[in-house]
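What follows is the content of work.tsv, which has TSV, C-alpha atoms:
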```
chain	number	residue	atom	x	y	z
G	1	MET	CA	14.77	-25.54	1.94
G	2	GLN	CA	12.44	-22.77	3.07
G	3	THR	CA	8.93	-22.94	1.63
G	4	LEU	CA	6.94	-19.74	1.22
G	5	LYS	CA	3.23	-20.33	1.77
G	6	PHE	CA	1.09	-17.40	0.68
G	7	ALA	CA	-2.34	-16.61	-0.76
G	8	VAL	CA	-2.55	-14.94	-4.17
G	9	LEU	CA	-5.61	-12.72	-4.72
G	10	PRO	CA	-5.24	-11.16	-8.20
G	11	GLY	CA	-8.54	-9.25	-8.23
G	12	ASP	CA	-9.95	-7.51	-11.28
G	13	TYR	CA	-9.04	-6.00	-14.68
G	14	ILE	CA	-5.23	-5.53	-14.74
G	15	GLY	CA	-4.90	-7.27	-11.36
G	16	PRO	CA	-4.39	-10.77	-12.82
G	17	GLU	CA	-2.07	-9.42	-15.54
G	18	VAL	CA	0.43	-7.79	-13.18
G	19	MET	CA	0.09	-10.61	-10.65
G	20	THR	CA	1.23	-13.09	-13.28
G	21	GLU	CA	4.39	-11.03	-13.74
G	22	ALA	CA	5.06	-10.76	-10.02
G	23	LEU	CA	4.80	-14.53	-9.72
G	24	ARG	CA	7.27	-14.92	-12.60
G	25	VAL	CA	9.76	-12.81	-10.68
G	26	LEU	CA	9.18	-14.76	-7.48
G	27	GLU	CA	9.67	-18.06	-9.29
G	28	HIS	CA	12.93	-16.78	-10.75
G	29	VAL	CA	14.42	-15.61	-7.44
G	30	ALA	CA	13.20	-18.79	-5.73
G	31	LYS	CA	15.36	-20.84	-8.11
G	32	GLN	CA	18.30	-18.46	-7.68
G	33	ASP	CA	18.18	-18.30	-3.89
G	34	GLY	CA	17.09	-21.84	-3.09
G	35	PHE	CA	13.61	-21.54	-1.62
G	36	ALA	CA	10.26	-22.96	-2.71
G	37	LEU	CA	6.92	-21.31	-3.42
G	38	ALA	CA	3.66	-22.82	-2.18
G	39	TYR	CA	0.86	-20.46	-3.17
G	40	GLU	CA	-2.79	-20.82	-4.05
G	41	ILE	CA	-4.88	-18.40	-6.09
G	42	ALA	CA	-8.35	-17.29	-4.97
G	43	HIS	CA	-11.07	-14.87	-6.07
G	44	VAL	CA	-11.56	-11.47	-4.47
G	45	GLY	CA	-13.35	-8.24	-5.36
G	46	GLY	CA	-15.37	-8.26	-8.55
G	47	ALA	CA	-14.06	-11.73	-9.35
G	48	GLY	CA	-15.40	-12.87	-5.99
G	49	ILE	CA	-18.80	-11.36	-6.74
G	50	ASP	CA	-18.95	-12.97	-10.19
G	51	ASN	CA	-17.84	-16.41	-9.03
G	52	HIS	CA	-19.15	-16.63	-5.46
G	53	GLY	CA	-21.73	-13.89	-5.04
G	54	LYS	CA	-19.67	-11.75	-2.66
G	55	ALA	CA	-16.49	-9.68	-2.82
G	56	LEU	CA	-14.75	-11.63	-0.06
G	57	PRO	CA	-15.87	-15.27	-0.34
G	58	ALA	CA	-15.50	-17.64	2.59
G	59	PRO	CA	-13.03	-19.94	0.73
G	60	THR	CA	-10.78	-16.93	0.12
G	61	VAL	CA	-10.77	-16.01	3.81
G	62	LYS	CA	-10.04	-19.64	4.72
G	63	LEU	CA	-7.09	-19.73	2.32
G	64	CYS	CA	-5.69	-16.50	3.78
G	65	GLU	CA	-6.02	-17.86	7.31
G	66	ALA	CA	-3.97	-20.91	6.32
G	67	SER	CA	-1.24	-18.80	4.70
G	68	ASP	CA	1.75	-16.83	6.00
G	69	ALA	CA	1.01	-13.76	3.86
G	70	ILE	CA	-1.35	-12.37	1.23
G	71	LEU	CA	-0.18	-11.07	-2.14
G	72	PHE	CA	-3.05	-8.87	-3.29
G	73	GLY	CA	-3.77	-7.33	-6.71
G	74	SER	CA	-6.40	-4.66	-7.32
G	75	VAL	CA	-10.18	-4.76	-7.02
G	76	GLY	CA	-13.17	-2.88	-8.37
G	77	GLY	CA	-14.17	-1.13	-11.55
G	78	PRO	CA	-17.19	0.01	-13.57
G	79	LYS	CA	-18.71	-3.46	-13.87
G	80	TRP	CA	-19.73	-3.42	-10.21
G	81	GLU	CA	-20.34	0.29	-9.58
G	82	LYS	CA	-24.13	-0.06	-9.58
G	83	LEU	CA	-24.08	-2.38	-6.59
G	84	PRO	CA	-25.00	-0.93	-3.16
G	85	PRO	CA	-21.91	0.73	-1.65
G	86	ASN	CA	-21.49	-1.91	1.06
G	87	GLN	CA	-21.37	-4.64	-1.59
G	88	GLN	CA	-18.88	-3.02	-3.96
G	89	PRO	CA	-15.46	-4.69	-4.27
G	90	GLU	CA	-13.35	-2.02	-2.60
G	91	ARG	CA	-15.51	-1.69	0.51
G	92	ALA	CA	-16.65	-5.30	0.77
G	93	ALA	CA	-13.25	-6.93	0.23
G	94	LEU	CA	-10.32	-4.84	1.44
G	95	LEU	CA	-11.85	-3.33	4.57
G	96	PRO	CA	-13.09	-6.70	5.91
G	97	LEU	CA	-9.70	-8.29	5.19
G	98	ARG	CA	-7.94	-5.54	7.11
G	99	LYS	CA	-10.33	-5.89	10.02
G	100	HIS	CA	-10.31	-9.71	10.05
G	101	PHE	CA	-6.51	-9.91	10.27
G	102	THR	CA	-6.07	-6.68	12.30
G	103	LEU	CA	-3.87	-5.23	9.56
G	104	PHE	CA	-3.47	-1.92	11.37
G	105	ALA	CA	-0.29	-0.56	9.76
G	106	ASN	CA	-0.01	0.45	6.12
G	107	ILE	CA	3.53	1.18	4.94
G	108	ARG	CA	3.58	2.94	1.57
G	109	PRO	CA	6.94	4.04	0.15
G	110	GLY	CA	6.92	7.15	-2.03
G	111	LEU	CA	9.83	6.62	-4.38
G	112	LEU	CA	10.67	8.51	-7.56
G	113	TYR	CA	13.95	7.67	-9.28
G	114	ARG	CA	16.02	10.68	-10.29
G	115	GLU	CA	15.82	9.49	-13.90
G	116	LEU	CA	12.02	9.76	-13.79
G	117	ILE	CA	11.60	13.23	-12.31
G	118	ASP	CA	9.97	14.44	-15.52
G	119	ALA	CA	7.07	12.09	-14.72
G	120	SER	CA	6.23	14.10	-11.60
G	121	PRO	CA	3.91	17.12	-11.83
G	122	ILE	CA	6.34	18.94	-9.52
G	123	LYS	CA	8.96	21.18	-11.10
G	124	ASN	CA	12.28	19.42	-11.56
G	125	GLU	CA	14.24	22.00	-9.56
G	126	ARG	CA	12.20	21.12	-6.47
G	127	ILE	CA	13.12	17.42	-6.67
G	128	PRO	CA	16.53	17.30	-8.41
G	129	GLU	CA	17.42	13.92	-6.88
G	130	GLY	CA	13.94	12.42	-7.09
G	131	ILE	CA	11.74	11.59	-4.08
G	132	ASP	CA	12.25	9.14	-1.23
G	133	ILE	CA	9.66	9.30	1.55
G	134	VAL	CA	7.31	6.83	3.26
G	135	CYS	CA	3.80	7.14	4.68
G	136	ILE	CA	2.81	5.13	7.75
G	137	ARG	CA	-1.00	5.02	7.86
G	138	GLU	CA	-3.14	3.63	10.68
G	139	LEU	CA	-5.47	1.25	8.88
G	140	THR	CA	-8.16	-0.24	11.12
G	141	GLY	CA	-9.40	2.71	13.20
G	142	GLY	CA	-10.86	6.12	12.60
G	143	ILE	CA	-13.87	7.12	10.55
G	144	TYR	CA	-13.81	4.11	8.21
G	145	PHE	CA	-14.57	1.69	11.03
G	146	GLY	CA	-16.15	3.82	13.76
G	147	GLN	CA	-19.72	3.15	14.90
G	148	PRO	CA	-22.47	4.24	14.61
G	149	LYS	CA	-22.47	4.51	10.82
G	150	HIS	CA	-25.85	4.92	9.18
G	151	THR	CA	-28.19	6.97	7.00
G	152	THR	CA	-31.63	7.87	8.34
G	153	GLU	CA	-34.73	9.75	7.23
G	154	LEU	CA	-35.57	12.49	9.72
G	155	PRO	CA	-39.15	13.32	10.82
G	156	CYS	CA	-38.83	16.68	9.04
G	157	GLY	CA	-38.30	14.87	5.73
G	158	ASP	CA	-34.59	15.53	5.49
G	159	THR	CA	-31.97	12.76	5.20
G	160	GLN	CA	-29.05	12.49	7.61
G	161	ALA	CA	-25.89	10.41	7.31
G	162	VAL	CA	-23.57	9.68	10.23
G	163	ASP	CA	-19.98	8.42	10.26
G	164	THR	CA	-18.22	8.18	13.61
G	165	LYS	CA	-14.52	8.79	14.05
G	166	VAL	CA	-13.02	6.88	16.97
G	167	TYR	CA	-9.43	6.35	18.13
G	168	ARG	CA	-8.07	4.69	21.24
G	169	LYS	CA	-4.73	5.53	22.80
G	170	SER	CA	-3.63	1.91	22.35
G	171	GLU	CA	-4.29	2.11	18.59
G	172	ILE	CA	-2.24	5.28	18.30
G	173	LYS	CA	0.67	3.86	20.31
G	174	ARG	CA	0.98	0.73	18.19
G	175	ILE	CA	1.09	2.65	14.89
G	176	ALA	CA	3.55	5.09	16.46
G	177	GLN	CA	5.85	2.12	17.12
G	178	VAL	CA	5.75	1.23	13.41
G	179	ALA	CA	6.78	4.80	12.57
G	180	VAL	CA	9.62	4.59	15.09
G	181	ASP	CA	10.88	1.31	13.61
G	182	THR	CA	10.69	2.76	10.09
G	183	ALA	CA	12.44	5.98	11.05
G	184	ARG	CA	15.28	4.15	12.79
G	185	ALA	CA	16.07	2.42	9.50
G	186	ARG	CA	15.96	5.70	7.57
G	187	LYS	CA	16.84	9.30	8.55
G	188	LYS	CA	15.38	9.27	12.07
G	189	ARG	CA	12.73	11.91	11.29
G	190	VAL	CA	8.95	11.58	11.67
G	191	CYS	CA	6.23	14.11	10.90
G	192	SER	CA	2.95	13.25	12.58
G	193	VAL	CA	-0.05	14.62	10.69
G	194	ASP	CA	-3.35	15.42	12.40
G	195	LYS	CA	-6.06	18.08	12.75
G	196	ALA	CA	-5.62	18.82	16.44
G	197	ASN	CA	-6.96	22.34	16.10
G	198	VAL	CA	-10.43	20.94	15.31
G	199	LEU	CA	-10.84	17.24	16.11
G	200	GLU	CA	-10.89	15.57	19.53
G	201	THR	CA	-9.40	12.40	18.02
G	202	SER	CA	-6.50	14.46	16.71
G	203	VAL	CA	-5.93	16.06	20.12
G	204	LEU	CA	-5.57	12.56	21.57
G	205	TRP	CA	-3.44	11.53	18.57
G	206	ARG	CA	-0.94	14.39	19.03
G	207	LYS	CA	-0.76	14.01	22.80
G	208	THR	CA	-0.24	10.24	22.57
G	209	VAL	CA	2.34	10.40	19.77
G	210	THR	CA	4.33	13.10	21.58
G	211	ALA	CA	4.44	11.12	24.82
G	212	PHE	CA	5.26	7.86	23.05
G	213	PHE	CA	8.22	9.28	21.16
G	214	ALA	CA	9.54	11.07	24.26
G	215	LYS	CA	9.50	7.83	26.22
G	216	HIS	CA	10.43	5.21	23.62
G	217	ALA	CA	12.33	7.05	20.87
G	218	PRO	CA	13.85	10.31	22.11
G	219	GLU	CA	16.54	10.03	19.43
G	220	ILE	CA	13.91	10.39	16.66
G	221	GLU	CA	13.20	13.95	15.50
G	222	LEU	CA	9.41	14.34	15.82
G	223	SER	CA	7.39	17.17	14.29
G	224	HIS	CA	3.67	17.79	13.90
G	225	MET	CA	1.68	19.23	11.02
G	226	TYR	CA	-2.00	19.86	10.35
G	227	VAL	CA	-3.30	17.74	7.50
G	228	ASP	CA	-4.30	20.64	5.25
G	229	ASN	CA	-0.80	22.09	5.50
G	230	ALA	CA	0.73	18.64	4.95
G	231	ALA	CA	-1.25	18.26	1.73
G	232	MET	CA	0.16	21.56	0.50
G	233	GLN	CA	3.71	20.80	1.62
G	234	LEU	CA	3.73	17.44	-0.17
G	235	VAL	CA	3.31	19.32	-3.43
G	236	ARG	CA	5.55	22.24	-2.50
G	237	SER	CA	8.54	20.27	-1.20
G	238	PRO	CA	7.98	16.53	-0.71
G	239	ASN	CA	11.51	15.75	0.46
G	240	GLN	CA	11.10	17.90	3.56
G	241	PHE	CA	9.41	14.74	4.85
G	242	ASP	CA	11.04	11.40	5.51
G	243	VAL	CA	8.47	9.38	7.47
G	244	ILE	CA	4.87	10.62	7.61
G	245	LEU	CA	2.73	9.17	10.41
G	246	THR	CA	-1.01	9.67	10.25
G	247	GLU	CA	-4.47	8.27	10.86
G	248	ASN	CA	-6.66	6.27	8.51
G	249	MET	CA	-8.56	8.81	6.40
G	250	PHE	CA	-5.76	11.38	6.31
G	251	GLY	CA	-3.34	8.63	5.31
G	252	ASP	CA	-5.66	7.43	2.57
G	253	ILE	CA	-5.70	10.90	1.01
G	254	LEU	CA	-2.07	11.88	1.61
G	255	SER	CA	-0.62	8.59	0.38
G	256	ASP	CA	-2.53	8.93	-2.90
G	257	GLU	CA	-1.27	12.50	-3.23
G	258	MET	CA	2.21	11.18	-2.56
G	259	ALA	CA	1.73	8.65	-5.33
G	260	CYS	CA	0.77	11.44	-7.70
G	261	VAL	CA	3.83	13.56	-6.97
G	262	CYS	CA	5.96	10.44	-7.44
G	263	GLY	CA	4.83	10.27	-11.05
G	264	SER	CA	2.93	7.01	-11.43
G	265	LEU	CA	0.83	4.70	-9.30
G	266	GLY	CA	2.32	1.91	-11.37
G	267	MET	CA	5.59	2.22	-9.46
G	268	LEU	CA	4.35	2.30	-5.86
G	269	SER	CA	4.00	-0.71	-3.59
G	270	SER	CA	2.54	-1.08	-0.11
G	271	ALA	CA	2.55	-3.40	2.88
G	272	SER	CA	-0.26	-3.76	5.42
G	273	LEU	CA	0.97	-5.41	8.60
G	274	GLY	CA	-0.99	-6.57	11.61
G	275	THR	CA	-0.77	-7.73	15.19
G	276	GLY	CA	-0.57	-11.39	14.21
G	277	LYS	CA	2.47	-13.51	13.45
G	278	ASN	CA	2.66	-16.17	10.77
G	279	SER	CA	3.95	-19.73	11.18
G	280	LEU	CA	7.52	-18.40	10.91
G	281	GLY	CA	7.02	-15.99	13.79
G	282	LEU	CA	7.18	-13.03	11.37
G	283	PRO	CA	4.49	-10.41	10.70
G	284	PHE	CA	1.47	-11.61	8.77
G	285	GLY	CA	0.80	-9.04	6.08
G	286	LEU	CA	-1.10	-8.10	2.95
G	287	TYR	CA	0.97	-6.72	0.09
G	288	GLU	CA	-0.56	-4.75	-2.77
G	289	PRO	CA	0.22	-2.10	-5.39
G	290	ALA	CA	-0.94	1.42	-4.68
G	291	GLY	CA	-2.80	1.78	-7.97
G	292	GLY	CA	-6.20	0.59	-9.11
G	293	THR	CA	-7.54	-1.84	-11.68
G	294	ALA	CA	-7.13	0.44	-14.75
G	295	PRO	CA	-10.09	-0.95	-16.74
G	296	ASP	CA	-9.18	1.19	-19.75
G	297	ILE	CA	-6.00	-0.79	-20.44
G	298	ALA	CA	-7.01	-4.20	-19.07
G	299	GLY	CA	-6.31	-7.07	-21.43
G	300	LYS	CA	-4.00	-5.02	-23.64
G	301	GLY	CA	-0.70	-5.99	-22.07
G	302	LEU	CA	0.13	-2.37	-21.27
G	303	ALA	CA	-0.02	-2.29	-17.47
G	304	ASN	CA	3.05	-1.45	-15.43
G	305	PRO	CA	3.91	-4.53	-13.30
G	306	CYS	CA	6.54	-2.77	-11.18
G	307	ALA	CA	4.27	-1.91	-8.22
G	308	GLN	CA	3.03	-5.49	-7.97
G	309	ILE	CA	6.59	-6.83	-8.23
G	310	LEU	CA	7.82	-4.38	-5.59
G	311	SER	CA	4.91	-5.42	-3.35
G	312	ALA	CA	6.09	-9.01	-3.69
G	313	ALA	CA	9.53	-7.84	-2.58
G	314	LEU	CA	7.99	-6.27	0.52
G	315	MET	CA	6.29	-9.61	1.24
G	316	LEU	CA	9.65	-11.40	1.07
G	317	ARG	CA	11.18	-8.83	3.45
G	318	HIS	CA	8.50	-8.54	6.11
G	319	SER	CA	6.66	-11.89	6.16
G	320	PHE	CA	9.47	-14.26	5.13
G	321	GLY	CA	12.63	-12.57	6.38
G	322	LEU	CA	14.32	-12.66	2.97
G	323	GLU	CA	15.90	-9.22	3.06
G	324	LYS	CA	18.65	-9.90	0.53
G	325	THR	CA	16.23	-11.34	-2.03
G	326	ALA	CA	13.82	-8.44	-1.54
G	327	ALA	CA	16.64	-5.93	-2.01
G	328	ARG	CA	17.79	-7.69	-5.19
G	329	ILE	CA	14.30	-7.37	-6.68
G	330	GLU	CA	14.19	-3.67	-5.80
G	331	VAL	CA	17.58	-3.09	-7.37
G	332	ALA	CA	16.55	-5.02	-10.49
G	333	VAL	CA	13.44	-2.85	-10.91
G	334	ARG	CA	15.50	0.31	-10.54
G	335	ARG	CA	18.11	-0.89	-13.02
G	336	ALA	CA	15.52	-1.90	-15.61
G	337	VAL	CA	13.64	1.39	-15.37
G	338	THR	CA	16.67	3.67	-15.24
G	339	SER	CA	18.23	1.86	-18.21
G	340	GLY	CA	15.29	3.05	-20.29
G	341	VAL	CA	12.94	0.05	-20.29
G	342	ARG	CA	9.58	1.53	-19.35
G	343	THR	CA	5.88	1.00	-19.73
G	344	ALA	CA	3.78	3.81	-21.19
G	345	ASP	CA	2.94	5.43	-17.84
G	346	ILE	CA	6.62	6.19	-17.16
G	347	ALA	CA	7.97	6.42	-20.71
G	348	LEU	CA	7.74	10.23	-20.66
G	349	GLY	CA	6.63	10.30	-24.28
G	350	GLY	CA	9.43	8.02	-25.43
G	351	LYS	CA	9.43	4.42	-26.54
G	352	SER	CA	7.47	2.11	-24.26
G	353	VAL	CA	7.23	-1.64	-23.72
G	354	GLY	CA	4.42	-3.90	-22.61
G	355	THR	CA	3.79	-5.64	-19.32
G	356	ARG	CA	5.67	-8.84	-20.10
G	357	ALA	CA	8.66	-7.10	-21.67
G	358	MET	CA	8.98	-4.88	-18.58
G	359	THR	CA	9.13	-7.97	-16.41
G	360	ASP	CA	11.62	-9.63	-18.77
G	361	ALA	CA	13.94	-6.63	-18.26
G	362	ILE	CA	13.57	-6.87	-14.47
G	363	ILE	CA	14.35	-10.59	-14.50
G	364	ALA	CA	17.40	-9.92	-16.71
G	365	ASN	CA	18.69	-7.57	-14.01
G	366	LEU	CA	18.31	-10.10	-11.20
G	367	THR	CA	21.96	-10.84	-10.72
```
Go ahead and render the structure in this file as structure tokens.
Amino acid sequence: MQTLKFAVLPGDYIGPEVMTEALRVLEHVAKQDGFALAYEIAHVGGAGIDNHGKALPAPTVKLCEASDAILFGSVGGPKWEKLPPNQQPERAALLPLRKHFTLFANIRPGLLYRELIDASPIKNERIPEGIDIVCIRELTGGIYFGQPKHTTELPCGDTQAVDTKVYRKSEIKRIAQVAVDTARARKKRVCSVDKANVLETSVLWRKTVTAFFAKHAPEIELSHMYVDNAAMQLVRSPNQFDVILTENMFGDILSDEMACVCGSLGMLSSASLGTGKNSLGLPFGLYEPAGGTAPDIAGKGLANPCAQILSAALMLRHSFGLEKTAARIEVAVRRAVTSGVRTADIALGGKSVGTRAMTDAIIANLT
């Protein structure tokens, strides 16, 4: 019997609520499909600060190192906003985790079921069949990690802040390979997004991506688009894209815009994969919902658990090789939602259910 060993980091506010539901689903499919779960829960984010004095405590890192994957919730919120920026949960937990495990590739599906198109701010006639795209974001390079990074007082009395944007050809080539692999399983189309008319890093990005695809994936249709135009096109006609490939900061912004046009952050999952392999020889990854901690509804049983559950499905697929089980979970979520069982964020003004009832409907559809 296969045993799945993973770290569970629920995080803050609604994080523990939706994580509980994702674990319920995992326990159900484990019984159905004959595998065992061996997970441990640890503090991260605000919970890490409150219980250990820092957003990413040493015991949490140790647990992750001993695991084959990380199932992550959401971190941050108003309780910790007065802390110095480098101590706040988002910056002091997620970024170090990504760097520590070299989680360089973020895969974020942008999926909107046809039955939920009214939830999108885009006119229905532009997305009659819903939305199905994916963003591949480079996650450990660029301006978020480049050095130097500092704020200084100038002799003239002014204050100057510096962030450095750095990319190496090797970093661009490895994320390009992820886009190639993703495109080969989809429609064989990739749009690489950059700002090559202004930025030196983007000039290198475009040149490297073009050469890489020509050599390693000539069968993939590759196009290029400036990031400002891409932001507009995502709203104008999202399905003109299939796979979007882009750097760290652009991907951060565009993937959140993608989440908006898809109607609700509560439906969108993500996988962050790295260079390392786990004990099974599969990619070590961190799996998390696209949304935040939603402090306004925390503790009320209203949060949408679908994104966390779908993130667990991605973990089964990528880090444990359980493709059929992952696909069953995804189908169960779709069936539950399209049958009319929906939390408030996707109820479109109709009757809504709570967090647990949403999960009950998903489990009932796990056939």
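The space separating atom CA of G:Val180 from atom CA of G:Lys215 comes to 11.6 Å.
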Stretch 242-293 of chain G near stretch 116-124 of chain G within 6 Å: what's each residue's closest atom pair and its distance in Å to one decimal, counting only C-alpha atoms, ordered by chain then ascending residue number, as a tab-separated table?
```
residue	atom	partner	partner_atom	distance
G:Val261	CA	G:Ser120	CA	5.2
G:Cys262	CA	G:Ser120	CA	5.5
G:Gly263	CA	G:Ser120	CA	4.1
```
Restricting the output to C-alpha atoms, write the selected residues as a compact mmCIF listing (two decimals), keeping the file's coordinate frame.
```
# COMPACT_ATOMS: atom_id res chain seq x y z
CA VAL G 261 3.83 13.56 -6.97
CA CYS G 262 5.96 10.44 -7.44
CA GLY G 263 4.83 10.27 -11.05
```
Give me, as a PyMOL selection string, all polymer residues having an atom no more than 9 Å from G:Leu316, counting all atoms listed in the file and skipping those fewer than 4 positions away in the same chain.
chain G and resi 4+311-312+320-323+325-326
Skipping near chain neighbours, those fewer than 2 positions away, what residues fall within 10 Å of stretch 43-57 of chain G using all atoms listed in the file, listed as a VMD selection string?
chain G and resid 8 to 13 41 59 to 62 72 to 81 87 to 97
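Closest approach to G:Thr338 from the set G:Glu17, G:Glu65, G:Asp296, G:Glu115 is made by G:Glu115, with distances taken over only C-alpha atoms.
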Taking only residues of stretch 49-118 of chain G that have an atom at most 12 Å from an atom of stretch 233-240 of chain G, what is each one's shortest atom pair and its distance in Å to one decimal, using only C-alpha atoms, in chain and number order, as CSV?
```
residue,atom,partner,partner_atom,distance
G:Gly110,CA,G:Pro238,CA,9.5
G:Leu111,CA,G:Asn239,CA,10.5
G:Leu112,CA,G:Asn239,CA,10.8
```
Find the residues with any atom within 10 Å of (9.2, -6.1, -17.4); use only C-alpha atoms and the coordinates as given in the file, and write the answer as a ChimeraX atom specification.
/G:18,21-22,25,303-306,309,333,336-337,341-343,353-364
Output file for the selection above: C-alpha atoms, as a short mmCIF file (atom, residue, chain, number, x, y, z; two decimals), in the frame of the given file:
```cif
data_model
loop_
_atom_site.label_atom_id
_atom_site.label_comp_id
_atom_site.auth_asym_id
_atom_site.auth_seq_id
_atom_site.Cartn_x
_atom_site.Cartn_y
_atom_site.Cartn_z
CA VAL G 18 0.43 -7.79 -13.18
CA GLU G 21 4.39 -11.03 -13.74
CA ALA G 22 5.06 -10.76 -10.02
CA VAL G 25 9.76 -12.81 -10.68
CA ALA G 303 -0.02 -2.29 -17.47
CA ASN G 304 3.05 -1.45 -15.43
CA PRO G 305 3.91 -4.53 -13.30
CA CYS G 306 6.54 -2.77 -11.18
CA ILE G 309 6.59 -6.83 -8.23
CA VAL G 333 13.44 -2.85 -10.91
CA ALA G 336 15.52 -1.90 -15.61
CA VAL G 337 13.64 1.39 -15.37
CA VAL G 341 12.94 0.05 -20.29
CA ARG G 342 9.58 1.53 -19.35
CA THR G 343 5.88 1.00 -19.73
CA VAL G 353 7.23 -1.64 -23.72
CA GLY G 354 4.42 -3.90 -22.61
CA THR G 355 3.79 -5.64 -19.32
CA ARG G 356 5.67 -8.84 -20.10
CA ALA G 357 8.66 -7.10 -21.67
CA MET G 358 8.98 -4.88 -18.58
CA THR G 359 9.13 -7.97 -16.41
CA ASP G 360 11.62 -9.63 -18.77
CA ALA G 361 13.94 -6.63 -18.26
CA ILE G 362 13.57 -6.87 -14.47
CA ILE G 363 14.35 -10.59 -14.50
CA ALA G 364 17.40 -9.92 -16.71
#
```
Dump as a tab-separated table the rows for residues of stretch 29-112 of chain G within 12 Å of stretch 155-173 of chain G: closest atom pair and distance in Å with one decimal, all atoms listed in the file counted, ordered by chain and rising residue number.
```
residue	atom	partner	partner_atom	distance
G:Thr102	CA	G:Glu171	CA	11.0
G:Leu103	CA	G:Glu171	CA	11.6
G:Phe104	CA	G:Glu171	CA	8.3
G:Ala105	CA	G:Glu171	CA	10.1
```
Written file, previous selection with C-alpha atoms, as a PDB file, keeping the file's coordinate frame:
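Now in again_16.pdb:
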```pdb
ATOM      1  CA  THR G 102      -6.070  -6.680  12.300  1.00  0.00           C
ATOM      2  CA  LEU G 103      -3.870  -5.230   9.560  1.00  0.00           C
ATOM      3  CA  PHE G 104      -3.470  -1.920  11.370  1.00  0.00           C
ATOM      4  CA  ALA G 105      -0.290  -0.560   9.760  1.00  0.00           C
TER       5      ALA G 105
END
```
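With all atoms listed in the file as the atoms that count, the minimum distance from G:Gly285 to the choices G:Glu125, G:Asp68, G:Glu27, G:Glu330 is reached by G:Asp68.
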Looking at G:His224, G:Arg108, G:Arg98, G:Arg206, which one is nearest to G:Thr140, with distances taken over only C-alpha atoms?
G:Arg98
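Take the candidates G:Arg317, G:Arg334, G:Lys149, G:Lys300 and check each one against G:Pro283 using all atoms listed in the file; the shortest distance goes to G:Arg317.
Pairwise distance (atom CA of G:Ile297, atom CA of G:Ser264) equals 14.9 Å.
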Which residues are close to G:Asn248, i.e. within 7 Å by only C-alpha atoms, leaving aside same-chain residues fewer than 2 positions away? Reply as a ChimeraX atom specification.
/G:137-139,141-142,246,250-252
May I ask which of the residues G:Asp132, G:Arg328, G:Asn365, G:Ala69 is the closest one to G:Asp33, counting only C-alpha atoms?
G:Arg328
With distances taken over all atoms listed in the file, the candidate from G:Leu366, G:Ile220, G:Ile143, G:Ala332 nearest G:Lys31 is G:Leu366
Expressed in Å to a single decimal, how great is the separation between atom CA of G:His318 and atom CA of G:Thr20?
21.2 Å
With 5 Å of padding per side, what axis-aligned box (centre and edge lengths, Å, one decimal) covers all the listed atoms of stretch 103-119 of chain G? Give it as lines of an AutoDock Vina configuration file.
```
center_x = 6.1
center_y = 4.6
center_z = -2.1
size_x = 29.9
size_y = 29.7
size_z = 36.9
```
